file structure.txt (compact mmCIF, C-alpha atoms (C1' of nucleotides))
# COMPACT_ATOMS: atom_id res chain seq x y z
CA MET A 1 -1.75 -2.38 -27.52
CA THR A 2 0.81 -3.97 -25.23
CA ILE A 3 1.15 -2.07 -21.99
CA THR A 4 4.46 -2.19 -20.22
CA THR A 5 4.36 0.98 -18.19
CA PRO A 6 2.89 1.33 -14.69
CA ASP A 7 -0.47 2.98 -14.20
CA THR A 8 -0.61 6.59 -13.08
CA PRO A 9 -2.21 8.03 -9.94
CA HIS A 10 -5.35 8.71 -12.01
CA ALA A 11 -6.44 5.07 -12.11
CA GLN A 12 -7.43 4.32 -8.52
CA PRO A 13 -9.46 7.50 -7.91
CA LEU A 14 -11.32 6.80 -11.17
CA LEU A 15 -12.10 3.23 -10.07
CA ASP A 16 -13.35 4.58 -6.73
CA TRP A 17 -15.55 7.04 -8.60
CA TYR A 18 -16.83 4.23 -10.81
CA ASP A 19 -17.80 2.13 -7.78
CA ARG A 20 -20.00 4.98 -6.63
CA HIS A 21 -21.31 6.43 -9.90
CA HIS A 22 -21.31 3.72 -12.58
CA ARG A 23 -24.42 3.35 -14.72
CA ASP A 24 -26.45 0.13 -14.57
CA LEU A 25 -26.58 -1.13 -18.16
CA PRO A 26 -28.06 -4.41 -19.43
CA TRP A 27 -24.70 -5.73 -20.68
CA ARG A 28 -22.68 -4.62 -17.68
CA VAL A 29 -21.47 -6.65 -14.71
CA THR A 30 -21.58 -4.05 -11.95
CA PRO A 31 -19.02 -4.03 -9.12
CA ALA A 32 -21.76 -5.37 -6.81
CA MET A 33 -22.46 -8.26 -9.19
CA ALA A 34 -18.75 -8.97 -9.55
CA ALA A 35 -18.50 -9.15 -5.74
CA ARG A 36 -21.10 -11.93 -5.85
CA GLY A 37 -18.96 -13.85 -8.32
CA VAL A 38 -20.79 -12.92 -11.53
CA LYS A 39 -18.48 -13.11 -14.54
CA PRO A 40 -18.98 -11.08 -17.71
CA ASP A 41 -20.33 -13.05 -20.70
CA PRO A 42 -18.01 -12.43 -23.69
CA TYR A 43 -20.95 -12.83 -26.10
CA ARG A 44 -22.91 -10.07 -24.38
CA VAL A 45 -19.86 -7.82 -24.10
CA TRP A 46 -19.07 -8.29 -27.79
CA LEU A 47 -22.69 -7.84 -28.93
CA SER A 48 -23.07 -4.65 -26.90
CA GLU A 49 -19.75 -3.21 -28.07
CA VAL A 50 -20.58 -3.77 -31.75
CA MET A 51 -24.02 -2.19 -31.30
CA LEU A 52 -22.45 0.73 -29.45
CA GLN A 53 -20.08 1.57 -32.31
CA GLN A 54 -21.08 5.14 -33.25
CA THR A 55 -24.41 4.54 -31.54
CA THR A 56 -25.73 5.89 -28.25
CA VAL A 57 -26.55 3.77 -25.18
CA GLN A 58 -30.21 4.76 -25.23
CA VAL A 59 -30.72 3.61 -28.81
CA VAL A 60 -28.85 0.34 -28.27
CA LYS A 61 -30.71 -0.86 -25.16
CA PRO A 62 -33.92 -2.22 -26.80
CA TYR A 63 -31.98 -3.75 -29.70
CA PHE A 64 -29.61 -5.49 -27.28
CA GLU A 65 -32.51 -6.96 -25.28
CA ARG A 66 -34.28 -8.22 -28.43
CA PHE A 67 -31.10 -9.82 -29.83
CA LEU A 68 -30.30 -11.52 -26.53
CA THR A 69 -33.84 -12.88 -26.15
CA ARG A 70 -33.91 -14.20 -29.70
CA TRP A 71 -30.30 -15.43 -29.89
CA PRO A 72 -29.13 -16.13 -26.29
CA GLU A 73 -25.72 -17.46 -27.29
CA VAL A 74 -23.21 -16.82 -30.05
CA THR A 75 -23.96 -20.23 -31.56
CA ASP A 76 -27.63 -19.26 -31.88
CA LEU A 77 -26.64 -16.15 -33.81
CA ALA A 78 -24.26 -18.19 -35.96
CA SER A 79 -27.06 -20.51 -37.07
CA ALA A 80 -29.67 -17.76 -37.51
CA GLU A 81 -31.03 -16.71 -40.91
CA SER A 82 -29.16 -13.68 -42.26
CA ASP A 83 -32.45 -12.04 -43.27
CA ALA A 84 -33.71 -12.34 -39.70
CA VAL A 85 -30.54 -10.72 -38.34
CA MET A 86 -30.72 -7.87 -40.86
CA ALA A 87 -34.41 -7.31 -40.07
CA ALA A 88 -33.64 -7.24 -36.34
CA TRP A 89 -30.82 -4.74 -36.97
CA ALA A 90 -33.02 -2.48 -39.16
CA GLY A 91 -32.98 1.06 -37.78
CA LEU A 92 -29.61 0.81 -36.00
CA GLY A 93 -27.67 1.92 -39.07
CA TYR A 94 -24.19 1.08 -40.36
CA TYR A 95 -25.48 -2.21 -41.71
CA ALA A 96 -22.00 -3.56 -42.40
CA ARG A 97 -21.96 -4.07 -38.64
CA ALA A 98 -24.85 -6.54 -38.91
CA ARG A 99 -23.26 -8.40 -41.81
CA ASN A 100 -19.97 -8.62 -39.90
CA LEU A 101 -21.79 -9.55 -36.69
CA LYS A 102 -23.16 -12.63 -38.42
CA LYS A 103 -19.77 -13.46 -39.98
CA CYS A 104 -18.07 -13.07 -36.61
CA ALA A 105 -20.59 -15.32 -34.85
CA GLU A 106 -20.08 -17.95 -37.53
CA ALA A 107 -16.29 -17.71 -37.19
CA VAL A 108 -16.46 -18.06 -33.40
CA ALA A 109 -18.84 -21.03 -33.72
CA LYS A 110 -16.97 -22.87 -36.46
CA GLU A 111 -13.32 -21.88 -36.00
CA HIS A 112 -13.17 -21.34 -32.23
CA GLY A 113 -15.58 -23.97 -30.95
CA GLY A 114 -18.10 -21.37 -29.85
CA ILE A 115 -15.59 -19.68 -27.52
CA PHE A 116 -14.43 -16.11 -28.14
CA PRO A 117 -10.65 -15.56 -28.37
CA ASP A 118 -9.45 -14.03 -25.08
CA THR A 119 -6.68 -11.80 -26.44
CA GLU A 120 -6.74 -8.46 -28.20
CA ALA A 121 -4.96 -9.85 -31.27
CA GLY A 122 -7.24 -12.88 -31.48
CA LEU A 123 -10.34 -10.71 -31.23
CA LYS A 124 -9.13 -8.16 -33.77
CA ALA A 125 -8.73 -10.91 -36.36
CA LEU A 126 -12.52 -11.40 -36.35
CA PRO A 127 -14.90 -9.56 -38.73
CA GLY A 128 -16.20 -6.23 -37.47
CA ILE A 129 -13.77 -6.06 -34.54
CA GLY A 130 -11.29 -3.20 -34.82
CA ASP A 131 -8.90 -1.49 -32.41
CA TYR A 132 -11.56 -0.24 -30.05
CA THR A 133 -13.76 -3.33 -29.83
CA ALA A 134 -10.81 -5.73 -29.52
CA ALA A 135 -9.43 -3.75 -26.59
CA ALA A 136 -12.85 -3.30 -24.98
CA VAL A 137 -13.79 -7.00 -25.12
CA ALA A 138 -10.29 -8.05 -24.01
CA ALA A 139 -10.44 -5.71 -21.02
CA ILE A 140 -14.08 -6.05 -20.00
CA ALA A 141 -14.72 -9.73 -20.75
CA PHE A 142 -11.23 -11.17 -20.16
CA ASN A 143 -9.61 -8.79 -17.67
CA ARG A 144 -6.77 -8.02 -20.09
CA ARG A 145 -4.75 -4.86 -19.58
CA ALA A 146 -5.75 -3.35 -22.93
CA ALA A 147 -5.84 0.37 -23.71
CA VAL A 148 -9.45 1.17 -24.62
CA MET A 149 -9.98 4.39 -26.54
CA ASP A 150 -13.26 5.57 -28.04
CA GLY A 151 -14.70 9.02 -28.67
CA ASN A 152 -15.41 9.54 -24.97
CA VAL A 153 -11.90 8.61 -23.92
CA GLU A 154 -10.41 10.81 -26.64
CA ARG A 155 -12.30 13.74 -25.20
CA VAL A 156 -11.26 13.04 -21.60
CA ILE A 157 -7.60 12.54 -22.54
CA SER A 158 -7.45 15.54 -24.84
CA ARG A 159 -8.74 17.77 -22.05
CA LEU A 160 -6.68 16.20 -19.28
CA HIS A 161 -3.50 16.95 -21.24
CA ALA A 162 -4.75 19.94 -23.26
CA ILE A 163 -3.65 18.24 -26.48
CA GLU A 164 -3.52 20.87 -29.25
CA THR A 165 -2.91 18.43 -32.09
CA SER A 166 -6.13 17.81 -34.00
CA LEU A 167 -7.88 14.49 -34.48
CA PRO A 168 -7.34 12.00 -35.97
CA ALA A 169 -3.60 12.84 -36.05
CA ALA A 170 -3.51 13.00 -32.25
CA LYS A 171 -4.84 9.47 -31.77
CA PRO A 172 -1.49 7.68 -31.30
CA VAL A 173 -0.35 10.17 -28.67
CA MET A 174 -3.68 9.93 -26.90
CA LYS A 175 -3.59 6.16 -26.94
CA ASP A 176 -0.16 6.26 -25.31
CA LYS A 177 -1.63 8.39 -22.54
CA VAL A 178 -4.51 5.91 -22.05
CA ALA A 179 -2.07 3.00 -21.94
CA LEU A 180 -0.03 4.85 -19.33
CA MET A 181 -3.12 5.25 -17.15
CA THR A 182 -4.63 1.78 -17.56
CA PRO A 183 -4.13 -0.30 -14.39
CA ALA A 184 -3.26 -3.99 -14.28
CA ASP A 185 -6.07 -4.45 -11.73
CA ARG A 186 -9.65 -4.02 -13.05
CA PRO A 187 -8.68 -2.78 -16.54
CA GLY A 188 -12.25 -3.43 -17.77
CA ASP A 189 -13.82 -1.30 -15.04
CA PHE A 190 -11.21 1.37 -15.70
CA ALA A 191 -12.18 1.47 -19.38
CA GLN A 192 -15.88 1.65 -18.59
CA ALA A 193 -15.18 4.33 -15.98
CA MET A 194 -13.34 6.47 -18.54
CA MET A 195 -16.24 6.13 -20.97
CA ASP A 196 -18.82 6.84 -18.26
CA LEU A 197 -16.86 9.95 -17.27
CA GLY A 198 -16.87 11.13 -20.87
CA ALA A 199 -20.57 10.36 -21.29
CA THR A 200 -21.82 11.97 -18.08
CA ILE A 201 -19.28 14.56 -16.83
CA CYS A 202 -16.71 15.35 -19.51
CA THR A 203 -19.40 15.95 -22.15
CA PRO A 204 -18.81 17.62 -25.55
CA LYS A 205 -20.83 20.72 -24.58
CA ARG A 206 -21.00 22.33 -21.14
CA PRO A 207 -18.96 19.71 -19.27
CA ALA A 208 -19.66 19.43 -15.52
CA CYS A 209 -16.09 20.22 -14.49
CA SER A 210 -17.10 21.10 -10.92
CA LEU A 211 -18.25 17.50 -10.46
CA CYS A 212 -15.19 15.95 -12.11
CA LEU A 213 -12.70 14.00 -10.03
CA PHE A 214 -9.94 15.17 -12.40
CA ARG A 215 -10.73 18.89 -11.95
CA GLY A 216 -7.49 19.37 -9.99
CA SER A 217 -5.24 17.97 -12.72
CA CYS A 218 -7.10 18.84 -15.94
CA GLN A 219 -4.78 20.98 -18.08
CA ALA A 220 -7.60 22.23 -20.34
CA LEU A 221 -9.52 23.47 -17.29
CA LYS A 222 -6.42 25.06 -15.82
CA LEU A 223 -4.97 26.68 -18.93
CA SER A 224 -7.82 27.07 -21.38
CA ASP A 225 -11.42 25.98 -21.92
CA PRO A 226 -12.27 22.26 -21.86
CA GLU A 227 -15.01 22.79 -24.43
CA LEU A 228 -12.33 23.66 -27.00
CA PHE A 229 -11.01 20.08 -26.82
CA PRO A 230 -10.56 17.76 -28.60
CA VAL A 231 -9.37 19.82 -31.57
CA LYS A 232 -10.82 18.36 -34.75
CA ALA A 233 -10.12 18.81 -38.44
CA ALA A 234 -12.64 20.99 -40.28
CA LYS A 235 -15.46 18.99 -41.82
CA LYS A 236 -16.67 19.41 -45.36
CA GLU A 237 -20.27 20.16 -46.24
CA LYS A 238 -22.67 17.46 -47.35
CA PRO A 239 -23.78 17.33 -50.99
CA VAL A 240 -27.48 16.92 -51.77
CA ARG A 241 -28.75 14.04 -53.90
CA HIS A 242 -32.19 13.61 -55.44
CA GLY A 243 -34.27 10.60 -56.43
CA ALA A 244 -37.75 9.16 -56.63
CA ALA A 245 -39.26 6.19 -54.78
CA PHE A 246 -42.28 4.21 -55.90
CA ILE A 247 -44.83 2.62 -53.60
CA ALA A 248 -47.03 0.21 -55.57
CA VAL A 249 -49.92 -1.38 -53.66
CA THR A 250 -52.24 -4.07 -55.03
CA GLY A 251 -55.93 -4.47 -54.24
CA ASP A 252 -54.88 -7.37 -52.01
CA GLY A 253 -52.76 -4.98 -49.93
CA GLU A 254 -49.35 -6.09 -51.19
CA ILE A 255 -46.43 -3.73 -51.81
CA LEU A 256 -43.54 -4.14 -54.24
CA LEU A 257 -40.18 -4.51 -52.45
CA ARG A 258 -36.64 -5.32 -53.57
CA ARG A 259 -33.35 -6.29 -52.03
CA ARG A 260 -30.37 -3.95 -52.31
CA ALA A 261 -26.90 -5.12 -53.30
CA GLU A 262 -24.94 -6.91 -50.59
CA SER A 263 -22.27 -4.22 -50.28
CA GLY A 264 -22.33 -0.46 -50.21
CA LEU A 265 -24.93 1.91 -48.86
CA LEU A 266 -27.74 0.06 -47.00
CA GLY A 267 -26.13 -3.14 -48.28
CA GLY A 268 -28.30 -6.25 -48.03
CA MET A 269 -31.30 -4.28 -46.80
CA THR A 270 -34.79 -4.10 -48.28
CA GLU A 271 -36.13 -1.11 -50.24
CA VAL A 272 -39.03 0.05 -52.39
CA PRO A 273 -38.08 0.61 -56.06
CA THR A 274 -36.22 3.90 -56.49
CA THR A 275 -34.40 5.77 -59.21
CA ALA A 276 -30.68 6.32 -58.91
CA TRP A 277 -29.80 9.03 -56.37
CA THR A 278 -28.14 11.80 -58.37
CA ALA A 279 -26.77 15.25 -57.75
CA ARG A 280 -29.22 16.98 -60.11
CA ILE A 281 -33.01 16.93 -60.13
CA ASP A 282 -34.34 15.25 -63.24
CA GLY A 283 -38.06 15.94 -63.02
CA GLU A 284 -39.00 14.46 -66.35
CA THR A 285 -37.49 11.07 -65.65
CA SER A 286 -38.86 10.71 -62.13
CA VAL A 287 -42.14 9.06 -63.05
CA THR A 288 -40.98 7.53 -66.31
CA ALA A 289 -38.32 5.73 -64.27
CA ALA A 290 -41.05 3.93 -62.34
CA PRO A 291 -40.84 0.12 -62.30
CA PHE A 292 -43.90 -0.05 -64.60
CA GLU A 293 -46.69 2.03 -66.12
CA ALA A 294 -49.34 3.06 -63.61
CA ALA A 295 -51.33 6.04 -62.37
CA TRP A 296 -48.60 7.35 -60.10
CA LEU A 297 -49.68 9.98 -57.57
CA ALA A 298 -47.21 12.39 -55.97
CA CYS A 299 -46.99 11.99 -52.18
CA GLY A 300 -44.49 14.72 -51.38
CA THR A 301 -40.78 14.61 -50.60
CA VAL A 302 -38.90 12.79 -47.84
CA ILE A 303 -35.56 14.24 -46.71
CA HIS A 304 -33.04 11.97 -45.06
CA VAL A 305 -29.53 12.85 -43.93
CA PHE A 306 -26.81 10.23 -44.31
CA THR A 307 -23.27 10.56 -43.02
CA HIS A 308 -21.85 11.98 -46.23
CA PHE A 309 -24.85 13.30 -48.20
CA GLU A 310 -28.43 14.49 -47.87
CA LEU A 311 -31.12 12.65 -49.83
CA ARG A 312 -34.35 14.23 -51.09
CA LEU A 313 -36.66 11.49 -52.26
CA SER A 314 -39.84 12.26 -54.24
CA ILE A 315 -42.51 9.75 -53.22
CA TRP A 316 -44.97 8.30 -55.74
CA ARG A 317 -47.87 5.96 -55.03
CA ALA A 318 -50.04 3.84 -57.32
CA ALA A 319 -52.94 1.46 -56.74
CA ILE A 320 -52.32 -1.63 -58.85
CA ALA A 321 -55.30 -3.55 -60.21
CA ALA A 322 -53.32 -6.53 -61.49
CA LYS A 323 -49.74 -7.34 -60.54
CA PRO A 324 -47.46 -6.45 -63.45
CA THR A 325 -44.88 -9.02 -64.47
CA LEU A 326 -41.65 -8.39 -62.61
CA ASN A 327 -38.31 -8.12 -64.35
CA ASP A 328 -37.66 -11.34 -66.20
CA GLY A 329 -35.46 -13.70 -64.26
CA VAL A 330 -34.53 -11.11 -61.67
CA ASN A 331 -35.35 -12.57 -58.31
CA ASP A 332 -34.51 -9.58 -56.10
CA GLU A 333 -38.01 -8.12 -55.98
CA TRP A 334 -41.27 -9.44 -54.60
CA TRP A 335 -44.74 -8.51 -53.39
CA GLU A 336 -45.09 -8.29 -49.61
CA PRO A 337 -48.32 -7.85 -47.58
CA VAL A 338 -48.38 -4.35 -46.11
CA THR A 339 -49.36 -5.97 -42.81
CA ASN A 340 -45.98 -7.74 -42.72
CA LEU A 341 -43.73 -4.69 -43.21
CA GLU A 342 -42.59 -4.67 -39.58
CA ALA A 343 -40.78 -7.99 -40.16
CA GLN A 344 -38.80 -6.67 -43.14
CA ALA A 345 -35.21 -5.39 -43.15
CA LEU A 346 -36.29 -1.85 -43.99
CA PRO A 347 -33.84 0.95 -43.12
CA THR A 348 -35.28 4.15 -41.72
CA ILE A 349 -35.25 6.05 -45.03
CA MET A 350 -37.41 3.33 -46.59
CA LYS A 351 -39.85 3.31 -43.69
CA LYS A 352 -40.16 7.08 -44.05
CA ALA A 353 -40.78 6.73 -47.81
CA ILE A 354 -43.47 4.08 -47.31
CA ALA A 355 -45.08 6.04 -44.49
CA ALA A 356 -45.32 9.08 -46.78
CA ALA A 357 -47.42 7.03 -49.21
CA ILE A 358 -49.21 4.78 -46.70
CA PRO A 359 -49.56 6.72 -43.43
CA LEU A 360 -50.76 3.69 -41.46
CA ALA A 361 -48.06 1.31 -42.69
CA PHE A 362 -46.15 1.42 -39.40
CA LYS A 363 -47.18 1.63 -35.76
CA THR A 364 -44.99 4.62 -35.00
CA SER A 365 -45.37 7.74 -37.10
CA LYS A 366 -41.67 8.48 -36.74
CA ALA A 367 -40.58 5.39 -38.63
C1' DA B 1 -4.59 9.44 -45.04
C1' DA B 2 -9.11 9.88 -46.63
C1' DG B 3 -13.63 8.41 -47.72
C1' DA B 4 -17.74 5.32 -47.16
C1' DC B 5 -20.91 4.01 -44.07
C1' DG B 6 -27.04 5.41 -40.56
C1' DG B 7 -29.59 7.17 -37.48
C1' DG B 8 -31.11 9.38 -33.45
C1' DG B 9 -30.20 12.24 -29.19
C1' DT B 10 -28.94 16.68 -27.63
C1' DG B 11 -28.29 21.65 -26.82
C1' DC C 1 -29.85 23.70 -37.30
C1' DA C 2 -24.90 21.48 -35.79
C1' DC C 3 -22.54 18.25 -33.31
C1' DC C 4 -21.65 13.78 -31.71
C1' DC C 5 -21.96 9.12 -30.55
C1' DA C 6 -18.31 2.70 -26.52
C1' DG C 7 -15.69 2.69 -34.99
C1' DT C 8 -14.56 -0.41 -38.99
C1' DC C 9 -13.38 -1.28 -43.55
C1' DT C 10 -11.80 -0.04 -48.06
C1' DT C 11 -9.12 2.49 -51.24

call {"tool": "encode", "arguments": {"input": "structure.txt", "output": "structure tokens"}}
result
Amino acid sequence: MTITTPDTPHAQPLLDWYDRHHRDLPWRVTPAMAARGVKPDPYRVWLSEVMLQQTTVQVVKPYFERFLTRWPEVTDLASAESDAVMAAWAGLGYYARARNLKKCAEAVAKEHGGIFPDTEAGLKALPGIGDYTAAAVAAIAFNRRAAVMDGNVERVISRLHAIETSLPAAKPVMKDKVALMTPADRPGDFAQAMMDLGATICTPKRPACSLCLFRGSCQALKLSDPELFPVKAAKKEKPVRHGAAFIAVTGDGEILLRRRAESGLLGGMTEVPTTAWTARIDGETSVTAAPFEAAWLACGTVIHVFTHFELRLSIWRAAIAAKPTLNDGVNDEWWEPVTNLEAQALPTIMKKAIAAAIPLAFKTSKA
DNA sequence: AAGACGGGGTG
DNA sequence: CACCCAGTCTT
């Protein structure tokens, strides 16, 4: 968003607050570091922002460190094996992000000489970079006066102005307010300060208004109840789907795995053979839908909640004496040593399914 | 404009 | 349990 209006009196007090209260995060150039001449690395800013899409700071931290150690620069990521990137992303969710991360790295390496575009428009043209990430990278990495608005900022703005219009309809108005506030000096720190404020003070539940530097000008606090903002459209309930998953293990300790389709749910990730996931329980077909005849043993049910439905997966296990012939000509399934499961691109639901059949398959019981 | 798309942290 | 998170892409 092009900003032509001057910043409001909110900006400087927020920057002062940020200098005193900012969080020290692995991808962040703190004000103290900036004073020593440290410049933000666009690759790190971009990588962190993509990981942070709909994902909390705490969850992202270890993934960010592992990615940076393994692929220190965008060109390293561009030349990496896709399977390795997907396996490293496993557990973070929204796997289209990982596929687009790889595409974006390749585009930067091949079409931009390994240098990230330094404008909002140039960034937004890249895979996996939308309104938020383009503005965030432009502001934080390139000091551009871009209006950065994420869920945290939406909450702060909606309370500051007591915006009664519900989300997402209110987004354009809220973005105008952010643009009005964003200063020409230190726009990146301003954006991070707004997000820090939303994450630590202006929280969804029980906000710490007494500690907020905007307590004197917050319209929601003055006129109403900050916790009632932002107003959101009513959400619909999640349907339940059912299916069965089959864990086949040979005497040599190998398990049958397959690769999911490139697009769609868990696209490009690894799974154990499963039935289709349907609305109705079909008990009779559960075992007969197994990949092959075997003495399948029931291992209970795993429940996993996705964004738009809940999945109840019946788990079946069988000890295989001799490897059955896999589907003729279909090369998307293979036998993998159970000892090598950690290196696979297994999403959390699949780790839970395998763990239900083979309790010691993974180091952590949670996965 | 609405739906698809994960998983974990938090109260 | 519900809610929410440094959103993006497709239809």

call {"tool": "closest_atom_pairs", "arguments": {"input": "structure.txt", "of": "chain B", "to": "chain A", "cutoff": "9 Å", "atoms": "all atoms listed in the file", "output": "tab-separated table"}}
result
residue	atom	partner	partner_atom	distance
B:DA4	C1'	A:His308	CA	7.9
B:DC5	C1'	A:Tyr94	CA	5.8
B:DG6	C1'	A:Gly93	CA	3.8
B:DG7	C1'	A:Gly93	CA	5.8
B:DG8	C1'	A:Val59	CA	7.4
B:DG9	C1'	A:Thr56	CA	7.8
B:DG11	C1'	A:Lys205	CA	7.8

call {"tool": "residues_near_point", "arguments": {"input": "structure.txt", "point": "(-36.9, 12.5, -46.3)", "cutoff": "9 Å", "atoms": "all atoms listed in the file", "output": "PDB file with C-alpha atoms, in the frame of the given file"}}
result
ATOM      1  CA  THR A 301     -40.780  14.610 -50.600  1.00  0.00           C
ATOM      2  CA  VAL A 302     -38.900  12.790 -47.840  1.00  0.00           C
ATOM      3  CA  ILE A 303     -35.560  14.240 -46.710  1.00  0.00           C
ATOM      4  CA  HIS A 304     -33.040  11.970 -45.060  1.00  0.00           C
ATOM      5  CA  VAL A 305     -29.530  12.850 -43.930  1.00  0.00           C
ATOM      6  CA  GLU A 310     -28.430  14.490 -47.870  1.00  0.00           C
ATOM      7  CA  LEU A 311     -31.120  12.650 -49.830  1.00  0.00           C
ATOM      8  CA  ARG A 312     -34.350  14.230 -51.090  1.00  0.00           C
ATOM      9  CA  LEU A 313     -36.660  11.490 -52.260  1.00  0.00           C
ATOM     10  CA  SER A 314     -39.840  12.260 -54.240  1.00  0.00           C
ATOM     11  CA  ILE A 349     -35.250   6.050 -45.030  1.00  0.00           C
ATOM     12  CA  LYS A 352     -40.160   7.080 -44.050  1.00  0.00           C
ATOM     13  CA  ALA A 353     -40.780   6.730 -47.810  1.00  0.00           C
TER      14      ALA A 353
END

call {"tool": "interface_residues", "arguments": {"input": "structure.txt", "of": "chain C", "to": "chain A", "cutoff": "7 Å", "atoms": "all atoms listed in the file", "output": "JSON, numbers by chain"}}
result
{"C": [5, 6, 7, 8]}

call {"tool": "residues_near_point", "arguments": {"input": "structure.txt", "point": "(-21.9, -15.9, -34.8)", "cutoff": "8 Å", "atoms": "all atoms listed in the file", "output": "PDB file with C-alpha atoms, keeping the file's coordinate frame"}}
result
ATOM      1  CA  VAL A  74     -23.210 -16.820 -30.050  1.00  0.00           C
ATOM      2  CA  THR A  75     -23.960 -20.230 -31.560  1.00  0.00           C
ATOM      3  CA  ASP A  76     -27.630 -19.260 -31.880  1.00  0.00           C
ATOM      4  CA  LEU A  77     -26.640 -16.150 -33.810  1.00  0.00           C
ATOM      5  CA  ALA A  78     -24.260 -18.190 -35.960  1.00  0.00           C
ATOM      6  CA  SER A  79     -27.060 -20.510 -37.070  1.00  0.00           C
ATOM      7  CA  LEU A 101     -21.790  -9.550 -36.690  1.00  0.00           C
ATOM      8  CA  LYS A 102     -23.160 -12.630 -38.420  1.00  0.00           C
ATOM      9  CA  LYS A 103     -19.770 -13.460 -39.980  1.00  0.00           C
ATOM     10  CA  CYS A 104     -18.070 -13.070 -36.610  1.00  0.00           C
ATOM     11  CA  ALA A 105     -20.590 -15.320 -34.850  1.00  0.00           C
ATOM     12  CA  GLU A 106     -20.080 -17.950 -37.530  1.00  0.00           C
ATOM     13  CA  ALA A 107     -16.290 -17.710 -37.190  1.00  0.00           C
ATOM     14  CA  VAL A 108     -16.460 -18.060 -33.400  1.00  0.00           C
ATOM     15  CA  ALA A 109     -18.840 -21.030 -33.720  1.00  0.00           C
TER      16      ALA A 109
END

call {"tool": "closest_residue", "arguments": {"input": "structure.txt", "among": "A:Ser263, A:Trp89, A:Ala11, A:Met174", "to": "C:DC9", "atoms": "all atoms listed in the file"}}
result
A:Ser263

call {"tool": "atom_distance", "arguments": {"input": "structure.txt", "atom1": "atom CA of A:Arg215", "atom2": "atom CA of A:Ile201"}}
result
10.8 Å

call {"tool": "atom_distance", "arguments": {"input": "structure.txt", "atom1": "atom CA of A:Glu111", "atom2": "atom CA of A:Leu47"}}
result
18.3 Å

call {"tool": "atom_distance", "arguments": {"input": "structure.txt", "atom1": "atom CA of A:Pro337", "atom2": "atom CA of A:Glu254"}}
result
4.1 Å

call {"tool": "closest_residue", "arguments": {"input": "structure.txt", "among": "A:Ala139, A:Ala87, A:Val156, A:Val173", "to": "A:Leu341", "atoms": "all atoms listed in the file"}}
result
A:Ala87

call {"tool": "closest_residue", "arguments": {"input": "structure.txt", "among": "A:Thr182, A:Ser82, A:Thr8, A:Thr203", "to": "C:DC3", "atoms": "all atoms listed in the file"}}
result
A:Thr203
